[in-house]
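Quick look at query-v5.txt (compact mmCIF, C-alpha atoms and all ligand atoms):
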# COMPACT_ATOMS: atom_id res chain seq x y z
CA MET A 1 0.00 0.00 0.00
CA LYS A 2 1.33 3.43 -0.93
CA LYS A 3 1.92 5.73 2.00
CA ILE A 4 0.52 9.14 1.23
CA LYS A 5 0.98 12.00 3.63
CA LEU A 6 -1.51 14.84 3.39
CA GLU A 7 0.16 18.10 4.24
CA GLU A 8 -1.61 20.43 6.63
CA ASN A 9 -1.67 24.18 6.56
CA GLU A 10 -0.34 25.14 9.96
CA THR A 11 -2.54 28.20 10.23
CA ILE A 12 -5.63 25.96 10.55
CA LYS A 13 -5.79 25.02 14.18
CA CYS A 14 -8.42 23.57 16.47
CA SER A 15 -8.81 25.01 19.94
CA ASN A 16 -9.02 22.52 22.77
CA LYS A 17 -12.29 24.06 23.87
CA VAL A 18 -15.44 21.94 24.06
CA ILE A 19 -18.54 24.05 23.45
CA LEU A 20 -21.70 22.66 24.98
CA LEU A 21 -24.82 22.83 22.83
CA ASP A 22 -27.35 21.44 25.19
CA GLN A 23 -30.61 23.10 24.28
CA PRO A 24 -31.64 22.45 20.70
CA VAL A 25 -35.20 23.61 19.99
CA TYR A 26 -35.92 20.50 17.92
CA VAL A 27 -34.22 17.14 17.59
CA SER A 28 -34.74 14.90 14.61
CA PHE A 29 -34.03 11.17 14.11
CA SER A 30 -33.73 9.41 10.79
CA LEU A 31 -35.70 6.18 10.44
CA LYS A 32 -33.82 5.19 7.29
CA GLU A 33 -30.16 5.40 8.34
CA ASN A 34 -28.52 2.04 9.03
CA GLY A 35 -31.68 0.09 8.28
CA ILE A 36 -35.40 0.66 8.53
CA PHE A 37 -36.77 1.77 11.89
CA LEU A 38 -40.40 1.74 12.98
CA PRO A 39 -41.63 4.55 15.25
CA SER A 40 -43.10 3.56 18.60
CA ILE A 41 -44.60 7.02 19.27
CA LYS A 42 -47.04 9.21 17.35
CA LYS A 43 -47.49 12.91 16.68
CA GLY A 44 -48.58 14.79 19.83
CA ASP A 45 -47.17 12.21 22.29
CA TYR A 46 -45.04 13.37 25.18
CA VAL A 47 -41.64 11.69 25.32
CA TYR A 48 -39.12 11.63 28.10
CA GLN A 49 -35.42 12.09 27.57
CA GLU A 50 -33.83 8.64 26.98
CA GLU A 51 -37.20 7.13 26.07
CA LYS A 52 -37.31 4.57 23.26
CA ILE A 53 -38.94 6.17 20.20
CA ALA A 54 -38.27 3.64 17.42
CA ILE A 55 -37.04 0.10 16.85
CA LYS A 56 -35.28 -1.49 13.91
CA LYS A 57 -37.41 -3.66 11.70
CA GLY A 58 -36.27 -7.25 12.15
CA ASN A 59 -34.14 -7.12 15.29
CA HIS A 60 -35.71 -4.32 17.42
CA PHE A 61 -32.44 -2.39 17.87
CA PRO A 62 -33.68 0.86 19.47
CA ILE A 63 -33.41 4.63 18.98
CA PHE A 64 -33.87 6.91 22.01
CA SER A 65 -34.91 10.53 22.36
CA SER A 66 -32.14 12.89 23.42
CA VAL A 67 -34.57 15.44 24.94
CA SER A 68 -37.96 15.48 26.62
CA GLY A 69 -40.83 17.15 24.79
CA ILE A 70 -43.70 16.74 22.36
CA VAL A 71 -43.51 14.71 19.16
CA GLU A 72 -43.93 17.33 16.46
CA PHE A 73 -43.74 15.10 13.39
CA VAL A 74 -43.52 11.42 12.48
CA ASP A 75 -43.50 9.68 9.11
CA THR A 76 -41.61 6.72 7.71
CA ASN A 77 -38.46 8.81 7.26
CA ARG A 78 -38.03 10.66 10.53
CA ILE A 79 -39.23 11.68 13.94
CA VAL A 80 -39.02 15.30 15.12
CA ILE A 81 -39.36 16.20 18.80
CA HIS A 82 -39.96 19.71 20.14
CA ASN A 83 -37.73 20.15 23.18
CA ASP A 84 -39.50 21.35 26.36
CA PHE A 85 -36.06 22.06 27.92
CA LYS A 86 -37.01 20.17 31.07
CA ASN A 87 -34.68 17.17 30.54
CA ARG A 88 -37.31 14.95 32.13
CA VAL A 89 -36.33 11.32 32.50
CA ARG A 90 -38.53 8.54 33.86
CA GLU A 91 -35.94 7.40 36.36
CA HIS A 92 -34.20 10.22 38.25
CA LYS A 93 -31.76 8.11 40.18
CA ILE A 94 -28.19 8.18 38.88
CA VAL A 95 -26.52 4.89 39.73
CA GLU A 96 -22.92 4.07 38.91
CA TYR A 97 -22.35 0.41 38.11
CA SER A 98 -19.15 -1.46 38.61
CA LEU A 99 -17.87 -2.37 35.15
CA ASN A 100 -15.88 -5.49 35.93
CA THR A 101 -18.84 -7.35 37.43
CA TYR A 102 -20.60 -7.72 34.06
CA THR A 103 -20.57 -11.00 32.19
CA LYS A 104 -20.01 -11.11 28.43
CA LEU A 105 -23.66 -11.81 27.91
CA GLU A 106 -24.75 -8.89 30.08
CA VAL A 107 -22.44 -6.49 28.21
CA SER A 108 -23.82 -7.47 24.80
CA SER A 109 -27.37 -7.44 26.02
CA LEU A 110 -27.05 -3.95 27.57
CA LEU A 111 -25.32 -2.50 24.53
CA PHE A 112 -28.14 -3.85 22.40
CA GLN A 113 -30.92 -2.65 24.69
CA LEU A 114 -29.37 0.83 24.89
CA GLY A 115 -28.85 1.07 21.13
CA ILE A 116 -25.10 1.71 21.28
CA ILE A 117 -23.72 2.02 17.79
CA ASN A 118 -20.23 1.79 16.34
CA SER A 119 -19.14 5.18 15.06
CA LEU A 120 -16.69 3.46 12.72
CA ASP A 121 -18.69 2.01 9.85
CA GLU A 122 -18.49 -1.49 11.25
CA GLU A 123 -20.77 -3.89 13.05
CA GLU A 124 -22.42 -2.68 16.24
CA PRO A 125 -20.45 -3.25 19.48
CA TYR A 126 -22.94 -5.74 20.93
CA LYS A 127 -22.35 -8.02 17.92
CA LEU A 128 -18.57 -7.67 17.89
CA LEU A 129 -18.23 -8.30 21.60
CA SER A 130 -20.54 -11.30 21.60
CA LYS A 131 -18.20 -13.40 19.40
CA SER A 132 -16.46 -16.11 21.33
CA VAL A 133 -12.79 -15.48 20.49
CA ASN A 134 -11.69 -12.02 21.51
CA LYS A 135 -7.91 -11.89 21.56
CA THR A 136 -6.98 -8.33 20.65
CA LEU A 137 -8.77 -5.06 21.25
CA ILE A 138 -7.44 -2.16 19.22
CA ILE A 139 -8.43 1.37 20.17
CA ASN A 140 -7.91 3.59 17.19
CA ALA A 141 -7.07 7.17 18.15
CA LEU A 142 -5.51 8.15 14.83
CA GLN A 143 -6.53 11.11 12.71
CA GLN A 144 -8.80 10.06 9.91
CA GLU A 145 -7.46 12.80 7.66
CA ALA A 146 -5.77 16.18 7.70
CA TYR A 147 -7.22 18.61 10.28
CA ILE A 148 -9.06 15.91 12.23
CA TYR A 149 -7.90 15.38 15.79
CA LEU A 150 -11.05 14.27 17.60
CA GLN A 151 -10.04 10.75 18.64
CA THR A 152 -6.67 11.84 20.04
CA PHE A 153 -8.36 14.71 21.84
CA LEU A 154 -10.91 12.37 23.46
CA LEU A 155 -8.11 10.00 24.46
CA LYS A 156 -6.51 12.93 26.29
CA ILE A 157 -9.54 14.23 28.13
CA GLU A 158 -11.34 10.97 28.97
CA ARG A 159 -8.37 8.91 30.15
CA LYS A 160 -9.82 7.89 33.50
CA GLU A 161 -13.06 6.56 31.99
CA LEU A 162 -11.25 4.76 29.19
CA ILE A 163 -8.80 3.05 31.53
CA GLU A 164 -11.67 1.88 33.73
CA LEU A 165 -13.41 0.37 30.71
CA ILE A 166 -10.25 -1.22 29.29
CA GLU A 167 -9.40 -2.83 32.62
CA ALA A 168 -12.95 -4.17 32.91
CA PHE A 169 -12.78 -5.56 29.37
CA LEU A 170 -9.52 -7.33 30.21
CA GLU A 171 -11.29 -9.11 33.03
CA ILE A 172 -14.52 -9.84 31.20
CA TYR A 173 -13.04 -10.94 27.85
CA ASN A 174 -9.56 -11.93 28.92
CA PHE A 175 -8.04 -10.14 25.89
CA GLU A 176 -4.43 -11.10 25.26
CA GLU A 177 -3.66 -7.47 24.48
CA VAL A 178 -5.25 -4.04 24.21
CA LEU A 179 -3.42 -1.81 21.74
CA ILE A 180 -4.07 1.92 21.88
CA VAL A 181 -2.88 3.43 18.63
CA VAL A 182 -1.89 7.08 18.66
CA PRO A 183 -0.23 9.36 16.12
CA ARG A 184 3.49 10.05 16.52
CA ASN A 185 4.64 13.16 18.39
CA GLN A 186 2.02 12.96 21.12
CA ASN A 187 4.66 12.79 23.84
CA LEU A 188 2.62 14.30 26.63
CA LEU A 189 -0.36 12.07 25.93
CA LEU A 190 1.85 8.99 25.90
CA GLU A 191 3.53 9.99 29.11
CA GLU A 192 0.20 10.57 30.87
CA TRP A 193 -1.24 7.28 29.68
CA ASN A 194 1.88 5.25 30.44
CA LEU A 195 1.83 6.56 34.01
CA CYS A 196 -1.71 5.22 34.48
CA ILE A 197 -1.38 1.82 32.79
CA ARG A 198 -1.23 -0.94 35.40
CA ASP A 199 -1.69 -4.02 33.24
CA SER A 200 1.13 -5.16 30.93
CA ARG A 201 -1.42 -6.31 28.36
CA ILE A 202 -2.28 -2.65 27.63
CA LYS A 203 0.17 -1.14 25.18
CA MET A 204 0.42 2.29 23.64
CA ILE A 205 1.47 2.12 19.99
CA GLU A 206 2.86 5.25 18.44
CA ILE A 207 2.64 5.26 14.70
CA GLU A 208 3.69 7.48 11.80
CA GLU A 209 0.43 8.35 10.16
CA TYR A 210 -0.32 8.34 6.48
CA TYR A 211 -3.58 8.84 4.73
CA SER A 212 -6.10 6.02 5.10
CA LEU A 213 -4.16 4.34 7.89
CA SER A 214 -7.22 4.79 10.06
CA ASN A 215 -8.99 2.38 7.68
CA THR A 216 -9.51 -0.64 9.92
CA LYS A 217 -7.94 -3.29 7.69
CA GLU A 218 -4.95 -1.15 6.82
CA LEU A 219 -4.40 -0.35 10.47
CA ILE A 220 -4.37 -4.03 11.36
CA ARG A 221 -2.09 -4.87 8.48
CA THR A 222 0.35 -2.23 9.72
CA ILE A 223 0.38 -3.01 13.41
CA LYS A 224 -0.19 -6.79 13.34
CA ARG A 225 1.65 -7.37 10.06
CA LYS A 226 -1.19 -9.55 8.83
CA SER A 227 -3.74 -8.85 6.17
CA TYR A 228 -7.39 -9.65 6.52
CA ARG A 229 -9.81 -9.41 3.67
CA ASN A 230 -12.90 -9.96 5.75
CA ASN A 231 -14.07 -10.95 9.18
CA LEU A 232 -11.47 -9.53 11.49
CA ILE A 233 -13.58 -10.82 14.29
CA GLU A 234 -12.96 -14.42 13.30
CA ASN A 235 -9.31 -13.69 13.90
CA GLY A 236 -10.16 -12.43 17.36
CA ILE A 237 -9.56 -8.73 16.60
CA ILE A 238 -11.96 -5.95 17.52
CA VAL A 239 -11.32 -2.33 16.58
CA PHE A 240 -13.17 0.56 18.21
CA ASN A 241 -12.40 4.23 18.00
CA VAL A 242 -12.37 6.33 21.16
CA SER A 243 -15.87 7.72 20.52
CA THR A 244 -17.34 4.22 20.47
CA MET A 245 -15.44 3.22 23.61
CA LEU A 246 -16.91 6.24 25.41
CA ALA A 247 -20.45 5.38 24.28
CA ILE A 248 -19.91 1.84 25.61
CA TYR A 249 -18.57 3.26 28.87
CA GLY A 250 -21.69 5.44 29.36
CA ALA A 251 -23.98 2.49 28.69
CA LEU A 252 -22.24 0.14 31.12
CA LYS A 253 -21.47 2.68 33.85
CA TYR A 254 -24.85 4.43 34.01
CA ARG A 255 -27.08 2.08 31.99
CA ARG A 256 -28.25 5.00 29.88
CA PRO A 257 -28.36 5.38 26.11
CA GLN A 258 -26.05 7.78 24.31
CA ILE A 259 -27.86 11.10 23.92
CA LYS A 260 -24.87 13.34 23.20
CA ALA A 261 -22.01 13.25 20.73
CA THR A 262 -18.72 15.13 20.65
CA VAL A 263 -18.14 16.52 17.18
CA GLN A 264 -15.11 18.34 15.79
CA PHE A 265 -15.81 21.38 13.62
CA THR A 266 -12.81 21.91 11.41
CA GLY A 267 -11.68 23.44 8.13
CA ASN A 268 -10.64 26.83 6.84
CA MET A 269 -14.04 28.50 7.10
CA TRP A 270 -15.20 28.42 10.72
CA LYS A 271 -14.17 31.43 12.74
CA ASN A 272 -13.53 29.09 15.66
CA ASN A 273 -12.47 25.52 14.97
CA CYS A 274 -13.47 23.59 18.06
CA TYR A 275 -15.10 20.53 19.56
CA MET A 276 -18.76 20.65 20.44
CA GLU A 277 -20.79 18.40 22.68
CA VAL A 278 -24.18 18.22 21.04
CA ARG A 279 -27.45 16.44 21.74
CA ILE A 280 -27.96 13.73 19.15
CA GLY A 281 -30.62 14.85 16.69
CA THR A 282 -29.58 18.53 16.74
CA SER A 283 -29.72 20.15 13.32
CA LEU A 284 -26.41 21.13 11.80
CA GLN A 285 -27.85 24.59 11.25
CA GLU A 286 -28.44 25.08 14.97
CA ALA A 287 -25.02 23.70 15.86
CA ILE A 288 -23.10 25.94 13.51
CA GLU A 289 -24.93 29.08 14.51
CA GLN A 290 -22.58 28.90 17.51
CA LEU A 291 -19.57 29.21 15.22
CA ASN A 292 -20.28 32.45 13.36
CA TYR A 293 -20.41 30.51 10.13
CA LYS A 294 -20.78 32.64 7.03
CA ARG A 295 -22.72 30.88 4.31
CA THR A 296 -21.22 31.51 0.87
CA LYS A 297 -21.35 29.60 -2.40
CA GLU A 298 -17.67 28.73 -2.29
CA VAL A 299 -17.91 26.80 0.94
CA LEU A 300 -18.28 23.06 0.92
CA LEU A 301 -19.76 21.52 4.04
CA LEU A 302 -18.65 17.95 4.62
CA ASN A 303 -19.56 15.21 7.04
CA GLY A 304 -15.98 13.99 7.52
CA GLY A 305 -12.73 15.39 6.19
CA ILE A 306 -11.65 17.18 3.04
CA VAL A 307 -10.78 14.01 1.13
CA ASN A 308 -13.34 11.46 2.14
CA GLY A 309 -16.12 13.56 3.66
CA LYS A 310 -19.63 13.45 2.23
CA VAL A 311 -21.02 16.74 1.00
CA ILE A 312 -23.92 17.79 3.21
CA ASN A 313 -26.64 20.34 3.00
CA ILE A 314 -26.90 22.69 5.92
CA ASN A 315 -30.72 22.62 5.73
CA ASP A 316 -31.28 18.90 6.10
CA CYS A 317 -28.31 17.58 8.02
CA VAL A 318 -28.71 16.34 11.56
CA ILE A 319 -25.98 15.33 14.00
CA ASP A 320 -26.25 11.66 14.89
CA ALA A 321 -24.05 9.28 16.88
CA LYS A 322 -21.91 8.60 13.81
CA THR A 323 -21.17 12.28 13.15
CA LEU A 324 -17.61 12.79 14.29
CA VAL A 325 -16.40 15.69 12.19
CA VAL A 326 -17.97 18.52 10.20
CA THR A 327 -15.62 20.34 7.85
CA ALA A 328 -16.28 23.70 6.22
CA TRP A 329 -13.89 24.12 3.35
CA LYS A 330 -13.37 27.01 1.00
CA VAL A 331 -13.35 25.66 -2.52
CA THR A 332 -10.53 27.12 -4.52
CA LYS A 333 -10.85 25.16 -7.76
CA GLU A 334 -13.66 25.13 -10.27
CA THR A 335 -16.06 22.33 -9.41
CA VAL A 336 -17.66 21.81 -12.82
CA GLN A 337 -17.20 18.20 -13.92
CA GLU A 338 -15.26 17.79 -17.16
CA SER A 339 -14.13 14.84 -19.26
CA CYS A 340 -11.24 12.65 -18.20
CA ILE A 341 -7.99 14.05 -19.59
CA LYS A 342 -6.10 10.80 -18.90
CA CYS A 343 -3.64 12.56 -16.64
CA GLY A 344 -3.14 9.40 -14.57
CA LYS A 345 -3.21 11.25 -11.23
CA CYS A 346 -5.92 8.98 -9.83
CA SER A 347 -3.85 5.83 -10.52
CA LYS A 348 -0.74 7.43 -9.13
CA VAL A 349 -2.38 8.34 -5.86
CA CYS A 350 -4.50 5.20 -5.31
CA PRO A 351 -3.07 3.51 -2.20
CA VAL A 352 -4.03 0.03 -3.41
CA ASN A 353 -2.80 0.54 -6.99
CA LEU A 354 -6.11 0.48 -8.80
CA HIS A 355 -6.61 2.39 -12.04
CA PRO A 356 -9.71 4.45 -11.34
CA SER A 357 -9.88 6.11 -14.77
CA LEU A 358 -9.84 2.73 -16.56
CA ILE A 359 -12.48 1.45 -14.19
CA MET A 360 -14.62 4.52 -14.90
CA GLU A 361 -14.25 3.90 -18.62
CA ALA A 362 -15.32 0.27 -18.16
CA ILE A 363 -18.32 1.38 -16.09
CA ILE A 364 -19.41 3.84 -18.78
CA LYS A 365 -18.97 1.25 -21.55
CA LYS A 366 -20.71 -1.39 -19.41
CA ARG A 367 -17.75 -3.76 -19.62
CA ASN A 368 -17.18 -6.61 -17.23
CA LEU A 369 -15.51 -5.14 -14.15
CA ARG A 370 -14.22 -8.31 -12.53
CA ARG A 371 -10.66 -8.00 -13.83
CA PHE A 372 -10.24 -4.58 -12.21
CA GLU A 373 -10.53 -6.00 -8.68
CA ILE A 374 -12.55 -3.06 -7.45
CA GLN A 375 -13.31 -4.88 -4.24
CA ARG A 376 -9.77 -3.87 -3.23
CA CYS A 377 -10.85 -0.20 -3.16
CA ILE A 378 -10.70 0.99 0.46
CA ASP A 379 -13.07 3.94 -0.07
CA CYS A 380 -10.38 6.48 0.72
CA GLY A 381 -11.63 9.07 -1.79
CA LEU A 382 -8.14 10.17 -2.86
CA CYS A 383 -8.91 9.63 -6.55
CA ASN A 384 -11.66 12.25 -6.34
CA TYR A 385 -9.49 14.58 -4.37
CA VAL A 386 -6.75 14.75 -6.99
CA CYS A 387 -8.84 14.62 -10.17
CA PRO A 388 -8.38 17.88 -12.11
CA SER A 389 -11.60 17.21 -14.05
CA ASN A 390 -13.69 16.99 -10.87
CA ILE A 391 -15.01 13.57 -11.78
CA ASP A 392 -16.83 11.82 -8.97
CA ILE A 393 -14.84 8.62 -9.50
CA TYR A 394 -15.31 7.33 -6.01
CA LYS A 395 -19.11 7.51 -6.11
CA ASN A 396 -19.20 5.53 -9.36
CA LEU A 397 -16.75 2.98 -8.03
CA LYS A 398 -18.72 2.56 -4.87
CA GLU A 399 -21.93 1.91 -6.82
CA ALA A 400 -20.17 -0.56 -9.10
CA LYS A 401 -18.59 -2.31 -6.12
CA GLU A 402 -21.95 -2.72 -4.41
CA LYS A 403 -23.35 -4.35 -7.57
CA ILE A 404 -20.46 -6.79 -7.83
CA LEU A 405 -20.21 -7.80 -4.16
S1 LIG B 501 -11.30 5.49 -3.43
FE1 LIG B 501 -10.10 5.78 -5.29
S2 LIG B 501 -8.01 6.11 -4.60
FE2 LIG B 501 -9.11 5.27 -2.86
S3 LIG B 501 -8.74 3.07 -2.98
FE3 LIG B 501 -10.64 3.45 -4.08
S4 LIG B 501 -10.01 3.73 -6.21
FE4 LIG B 501 -8.17 3.92 -4.96
S1 LIG B 502 -7.41 11.97 -12.29
FE1 LIG B 502 -9.36 12.40 -13.31
S2 LIG B 502 -8.76 13.28 -15.27
FE2 LIG B 502 -6.92 12.27 -14.44
S3 LIG B 502 -6.97 10.18 -15.31
FE3 LIG B 502 -8.02 10.07 -13.34
S4 LIG B 502 -10.18 10.39 -13.85
FE4 LIG B 502 -9.01 11.08 -15.62
For this file, produce the structure as structure tokens.
Amino acid sequence: MKKIKLEENETIKCSNKVILLDQPVYVSFSLKENGIFLPSIKKGDYVYQEEKIAIKKGNHFPIFSSVSGIVEFVDTNRIVIHNDFKNRVREHKIVEYSLNTYTKLEVSSLLFQLGIINSLDEEEPYKLLSKSVNKTLIINALQQEAYIYLQTFLLKIERKELIELIEAFLEIYNFEEVLIVVPRNQNLLLEEWNLCIRDSRIKMIEIEEYYSLSNTKELIRTIKRKSYRNNLIENGIIVFNVSTMLAIYGALKYRRPQIKATVQFTGNMWKNNCYMEVRIGTSLQEAIEQLNYKRTKEVLLLNGGIVNGKVININDCVIDAKTLVVTAWKVTKETVQESCIKCGKCSKVCPVNLHPSLIMEAIIKKRNLRRFEIQRCIDCGLCNYVCPSNIDIYKNLKEAKEKIL
């Protein structure tokens, strides 16, 4: 795999401030993300904070309300709740549970009942943890891309909670090792963590980052020196990022669903790049009002980073438990799509040595795609990023890949 380093402009910084956005007027929940969900409430109902409002068709995996208030709207696509700002919960008692007394079965069952999701695009934690052979737990605190520091930041500020969870997991699952992977040059963070680690099975791994290393399979290939095409879990390896570990911690420690997410706002267009703790379901519009965002045509808003982020619309984007980063980026090049000029940049940059322009040609001419091995594409988005003709290569490849697989 080619190792591509994305350079960062040093003037773009993120303050270590966490802004709290705790009082959204409305919260909205998609019933079509990650499967089809069926509402269990109707318009006009009163819902408590942390009350179940929908379940997944088929397995009943739940969604919970992040506020108390009146259901303003329900259809098959979404639920909207009008916040009454009272934070009313059915059960007022806050109990702290001891993490290492759980059994494997209890952990999986709680994570399922509380709807804890994996903020990496992988299987939900209750499924991963319920497999019988768990040998290695990897906690991925790498940057996903340039200007994204959220996971390292959370590793810094939530050390006590994370260590408590890791130590409990060592007892419950008897992992042979827990590897915490951090970017190089985080000396202070390493020092602080190493001082607190009491179990020799927990190891900090410092790694020179390159683009797409935070891709789960590439990360494992690099640190375990083994390659896995599929089913990491069958090899006893589980990878969580820090955000997912913290959601699991909240569920096991307080037996409450995740109602807030920490999101990094980054890019060259916010006045204040920062982290924000937001109620799940808050509209992006309401969140970014806090940041003095100036809406102009040249700004691209992305869920994710500048290379692999998905373009989002400020009017219909909602922060959910998988939203980790929102980037506002000033577009400097013309974004009109033109024909391929056969410059070869996409092949040169592709970390797994595919030839995206040839694949695109085959897609257009409806040729058989099998010989191009597009299943090796790791969805990094670099081909799009470098294409001078602004061709959405990645989107086409993704669609073709889904048809083949
Ligand atoms: S997204 Fe593009 S550059 Fe990245 S692996 Fe796939 S084809 Fe290669
Ligand atoms: S980078 Fe764009 S223009 Fe260049 S060969 Fe690839 S698809 Fe064609």
Residues within 6 Å of ligand LIG 501 (chain B) should be enumerated using only C-alpha atoms and all ligand atoms and returned as a count of residues only. 13
Polymer residues at most 12 Å from (-10.6, -14.5, 20.2) by only C-alpha atoms, as a ChimeraX atom specification: /A:128-137,173-177,232-238
Please produce a file of the residues just selected, as a JSON list (two decimals), keeping the file's coordinate frame, where the atoms kept are C-alpha atoms.
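Written file, again_34.json:
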[["chain", "number", "residue", "atom", "x", "y", "z"],
["A", 128, "LEU", "CA", -18.57, -7.67, 17.89],
["A", 129, "LEU", "CA", -18.23, -8.30, 21.60],
["A", 130, "SER", "CA", -20.54, -11.30, 21.60],
["A", 131, "LYS", "CA", -18.20, -13.40, 19.40],
["A", 132, "SER", "CA", -16.46, -16.11, 21.33],
["A", 133, "VAL", "CA", -12.79, -15.48, 20.49],
["A", 134, "ASN", "CA", -11.69, -12.02, 21.51],
["A", 135, "LYS", "CA", -7.91, -11.89, 21.56],
["A", 136, "THR", "CA", -6.98, -8.33, 20.65],
["A", 137, "LEU", "CA", -8.77, -5.06, 21.25],
["A", 173, "TYR", "CA", -13.04, -10.94, 27.85],
["A", 174, "ASN", "CA", -9.56, -11.93, 28.92],
["A", 175, "PHE", "CA", -8.04, -10.14, 25.89],
["A", 176, "GLU", "CA", -4.43, -11.10, 25.26],
["A", 177, "GLU", "CA", -3.66, -7.47, 24.48],
["A", 232, "LEU", "CA", -11.47, -9.53, 11.49],
["A", 233, "ILE", "CA", -13.58, -10.82, 14.29],
["A", 234, "GLU", "CA", -12.96, -14.42, 13.30],
["A", 235, "ASN", "CA", -9.31, -13.69, 13.90],
["A", 236, "GLY", "CA", -10.16, -12.43, 17.36],
["A", 237, "ILE", "CA", -9.56, -8.73, 16.60],
["A", 238, "ILE", "CA", -11.96, -5.95, 17.52]]
Hey, could you make a per-residue contact list for chain A against ligand LIG 502 (chain B) with 10 Å as the cut-off, showing the nearest pair of atoms and its distance in Å to one decimal, counting only C-alpha atoms and all ligand atoms, sorted by chain and number, as CSV?
residue,atom,partner,partner_atom,distance
A:Gln337,CA,B:LIG502,FE1,9.8
A:Glu338,CA,B:LIG502,S2,8.1
A:Ser339,CA,B:LIG502,S2,6.9
A:Cys340,CA,B:LIG502,FE4,3.8
A:Ile341,CA,B:LIG502,S2,4.5
A:Lys342,CA,B:LIG502,S3,3.7
A:Cys343,CA,B:LIG502,FE2,4.0
A:Gly344,CA,B:LIG502,S3,4.0
A:Lys345,CA,B:LIG502,S1,4.4
A:Cys346,CA,B:LIG502,S1,4.1
A:Ser347,CA,B:LIG502,FE3,6.6
A:Lys348,CA,B:LIG502,S1,8.7
A:Val349,CA,B:LIG502,S1,8.9
A:His355,CA,B:LIG502,FE3,7.9
A:Pro356,CA,B:LIG502,FE3,6.2
A:Ser357,CA,B:LIG502,S4,4.4
A:Leu358,CA,B:LIG502,S3,8.1
A:Ile359,CA,B:LIG502,S4,9.2
A:Met360,CA,B:LIG502,S4,7.4
A:Glu361,CA,B:LIG502,S4,9.0
A:Leu382,CA,B:LIG502,S1,9.6
A:Cys383,CA,B:LIG502,S1,6.4
A:Asn384,CA,B:LIG502,S1,7.3
A:Tyr385,CA,B:LIG502,S1,8.6
A:Val386,CA,B:LIG502,S1,6.0
A:Cys387,CA,B:LIG502,S1,3.7
A:Pro388,CA,B:LIG502,S2,5.6
A:Ser389,CA,B:LIG502,S2,5.0
A:Asn390,CA,B:LIG502,FE1,6.8
A:Ile391,CA,B:LIG502,FE1,6.0
A:Asp392,CA,B:LIG502,S4,8.4
A:Ile393,CA,B:LIG502,S4,6.6
A:Tyr394,CA,B:LIG502,S4,9.9
Kindly give the distance, in Å, that separates atom CA of A:Ile116 and atom CA of A:Ile53, rounded to a single decimal. 14.6 Å
Nearest residue to A:Ile248 out of A:Ile288, A:Val107, A:Ala141, A:Leu188, using all atoms listed in the file? A:Val107
Atom completion result for stretch 185-196 of chain A (N, CA and C atoms) as an mmCIF file, in the coordinates of the input:
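Contents of out.cif, freshly written:
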data_model
loop_
_atom_site.group_PDB
_atom_site.id
_atom_site.type_symbol
_atom_site.label_atom_id
_atom_site.label_comp_id
_atom_site.auth_asym_id
_atom_site.auth_seq_id
_atom_site.Cartn_x
_atom_site.Cartn_y
_atom_site.Cartn_z
ATOM 1 N N ASN A 185 4.446 11.806 17.841
ATOM 2 C CA ASN A 185 4.640 13.160 18.390
ATOM 3 C C ASN A 185 3.571 13.592 19.381
ATOM 4 N N GLN A 186 2.972 12.622 20.057
ATOM 5 C CA GLN A 186 2.020 12.960 21.120
ATOM 6 C C GLN A 186 2.683 12.589 22.452
ATOM 7 N N ASN A 187 3.846 13.220 22.695
ATOM 8 C CA ASN A 187 4.660 12.790 23.840
ATOM 9 C C ASN A 187 3.949 12.936 25.186
ATOM 10 N N LEU A 188 3.279 14.059 25.355
ATOM 11 C CA LEU A 188 2.620 14.300 26.630
ATOM 12 C C LEU A 188 1.508 13.277 26.871
ATOM 13 N N LEU A 189 0.751 13.037 25.828
ATOM 14 C CA LEU A 189 -0.360 12.070 25.930
ATOM 15 C C LEU A 189 0.175 10.680 26.280
ATOM 16 N N LEU A 190 1.253 10.294 25.616
ATOM 17 C CA LEU A 190 1.850 8.990 25.900
ATOM 18 C C LEU A 190 2.346 8.893 27.333
ATOM 19 N N GLU A 191 2.994 9.966 27.753
ATOM 20 C CA GLU A 191 3.530 9.990 29.110
ATOM 21 C C GLU A 191 2.394 9.845 30.125
ATOM 22 N N GLU A 192 1.324 10.604 29.922
ATOM 23 C CA GLU A 192 0.200 10.570 30.870
ATOM 24 C C GLU A 192 -0.449 9.194 30.910
ATOM 25 N N TRP A 193 -0.617 8.607 29.733
ATOM 26 C CA TRP A 193 -1.240 7.280 29.680
ATOM 27 C C TRP A 193 -0.320 6.219 30.299
ATOM 28 N N ASN A 194 0.960 6.269 29.929
ATOM 29 C CA ASN A 194 1.880 5.250 30.440
ATOM 30 C C ASN A 194 1.961 5.271 31.969
ATOM 31 N N LEU A 195 1.807 6.462 32.549
ATOM 32 C CA LEU A 195 1.830 6.560 34.010
ATOM 33 C C LEU A 195 0.621 5.867 34.650
ATOM 34 N N CYS A 196 -0.472 5.775 33.904
ATOM 35 C CA CYS A 196 -1.710 5.220 34.480
ATOM 36 C C CYS A 196 -1.919 3.746 34.155
#
